[in-house]
Amino acid sequence: MSTWANLGLQDSASPLMEQLIFFHDHALLILVMITVLVGYLMFMLFFNNYVNRFLLHGQLIEMIWTILPAIILLFIALPSLRLLYLLDEINEPSVTLKSIGHQWYWSYEYSDFNNIEFDSYMIPTNELANDGFRLLDVDNRIVLPMNSQIRILVTAADVIHSWTIPALGVKVDGTPGRLNQTNFFINRPGLFYGQCSEICGANHSFMPIVIESVPVNYFIKWISS
Ligand code: CUA
């Protein structure tokens with residue numbers, strides 16, 4: 001989760017988030033290079049004394065500054081497309097979790113084992129434990145096995161919500177009447193925090209998500225108890 005002064009992305013806990021961070025850095029690098037180049041050119045314009053009264057066209061330079069940006073855009077578009085399809089891929093999941101957005105809490109269903117269902121409410125500040133995270137902790141956490149492909153199905157019961165876990169690179173809208181699907185792979189144990197990210201009403205800010213990532217045998221123990 002994000003802590004003080006962390007203005008960038010959170011550390012990734014899944015291969016897809018790692019790829020997203022690589023792509024972000026790649027795109028940012030290109031952006032910085034363009035900004036520096038254009039900034040330099042604009043700055044140098046102040047000191048330019050050359051005037052050409054008879055200049056009407058410059059075919060060569062026009063060709064260059066049309067084609068070059070198009071090529072630069074390709075260097076962003078192709079990796080972006082690769083990521084898009086990678087994020088959409090479902091790799092034979094071993095667990096399916098269904099999460100339903102409500103005003104204003106999430107409910108979860110583990111339909112492939114024992115039909116476990118539960119609601120997950122934020123813990124209000126006045127009931128928070130000393131080591132709890134304000135506006136982020138919930139009463140019932142999702143428990144998921146690490147090092148396994150997990151499919152998540154997201155929907156909503158009332159308005160649009162969005163199931164978002166930054167560290168895992170997951171962000172799926174829950175829309176009434178629809179069932180959205182995505183998948184992820186958690187590559188380390190720990191707690192992963194997320195929040196709803198569709199403006200869904202008065203308590204939009206107060207329906208966080210907590211994933212407890214545990215080794216597979218712990219998960220089996222949890223699911224069978
Ligand atoms: Cu649910 Cu915002």
# chains A, B, ... in the order shown; residues from 1 in each chain; ligands from 1
>>> residues_around(residues="A:Trp106", least_positions_apart="2", cutoff="9 Å", atoms="only C-alpha atoms", output="list in words")
Ser99, Ile100, Gly101, His102, Gln103, Trp104, Tyr108, Phe118, Asp119, Ser120, Tyr121, Ala156, Trp163, Met207, Pro208 and Ile209 of chain A
>>> residues_around(residues="A:Ser111", least_positions_apart="6", cutoff="9 Å", atoms="only C-alpha atoms", output="VMD selection string")
chain A and resid 96 to 98 117
>>> closest_residue(among="A:Val95, A:Leu7, A:Ile142, A:Leu29", to="A:Phe75", atoms="only C-alpha atoms")
A:Leu29
>>> residues_around(residues="A:Asn180", least_positions_apart="6", cutoff="9 Å", atoms="only C-alpha atoms", output="PDB file with N, CA, C and O atoms, in the first residue's frame")
ATOM      1  N   ILE A 152     -10.964 -12.945 -11.384  1.00  0.00           N
ATOM      2  CA  ILE A 152     -11.886 -12.153 -10.600  1.00  0.00           C
ATOM      3  C   ILE A 152     -13.027 -11.694 -11.481  1.00  0.00           C
ATOM      4  O   ILE A 152     -12.814 -11.214 -12.585  1.00  0.00           O
ATOM      5  N   LEU A 153     -14.236 -11.926 -11.015  1.00  0.00           N
ATOM      6  CA  LEU A 153     -15.438 -11.506 -11.722  1.00  0.00           C
ATOM      7  C   LEU A 153     -16.031 -10.352 -10.937  1.00  0.00           C
ATOM      8  O   LEU A 153     -16.212 -10.455  -9.727  1.00  0.00           O
ATOM      9  N   VAL A 154     -16.274  -9.247 -11.611  1.00  0.00           N
ATOM     10  CA  VAL A 154     -16.750  -8.061 -10.901  1.00  0.00           C
ATOM     11  C   VAL A 154     -18.097  -7.627 -11.447  1.00  0.00           C
ATOM     12  O   VAL A 154     -18.304  -7.562 -12.662  1.00  0.00           O
ATOM     13  N   THR A 155     -18.990  -7.349 -10.533  1.00  0.00           N
ATOM     14  CA  THR A 155     -20.280  -6.809 -10.924  1.00  0.00           C
ATOM     15  C   THR A 155     -20.755  -5.873  -9.814  1.00  0.00           C
ATOM     16  O   THR A 155     -20.019  -5.636  -8.866  1.00  0.00           O
ATOM     17  N   VAL A 172     -11.138  -2.970 -12.367  1.00  0.00           N
ATOM     18  CA  VAL A 172     -12.270  -3.451 -13.161  1.00  0.00           C
ATOM     19  C   VAL A 172     -13.558  -2.807 -12.665  1.00  0.00           C
ATOM     20  O   VAL A 172     -13.821  -2.799 -11.465  1.00  0.00           O
ATOM     21  N   ASP A 173     -14.328  -2.314 -13.569  1.00  0.00           N
ATOM     22  CA  ASP A 173     -15.601  -1.722 -13.187  1.00  0.00           C
ATOM     23  C   ASP A 173     -16.614  -2.805 -12.857  1.00  0.00           C
ATOM     24  O   ASP A 173     -16.687  -3.830 -13.542  1.00  0.00           O
ATOM     25  N   GLY A 174     -17.385  -2.557 -11.822  1.00  0.00           N
ATOM     26  CA  GLY A 174     -18.512  -3.414 -11.507  1.00  0.00           C
ATOM     27  C   GLY A 174     -19.764  -2.680 -11.946  1.00  0.00           C
ATOM     28  O   GLY A 174     -20.069  -1.626 -11.424  1.00  0.00           O
TER      29      GLY A 174
END
>>> select_by_dssp(residues="stretch 7-208 of chain A", states="strand (DSSP E or B)", output="PyMOL selection string")
chain A and resi 95-102+105-110+116-120+122+138+142-145+149-156+161-165+170-174+176+180-185+190-196
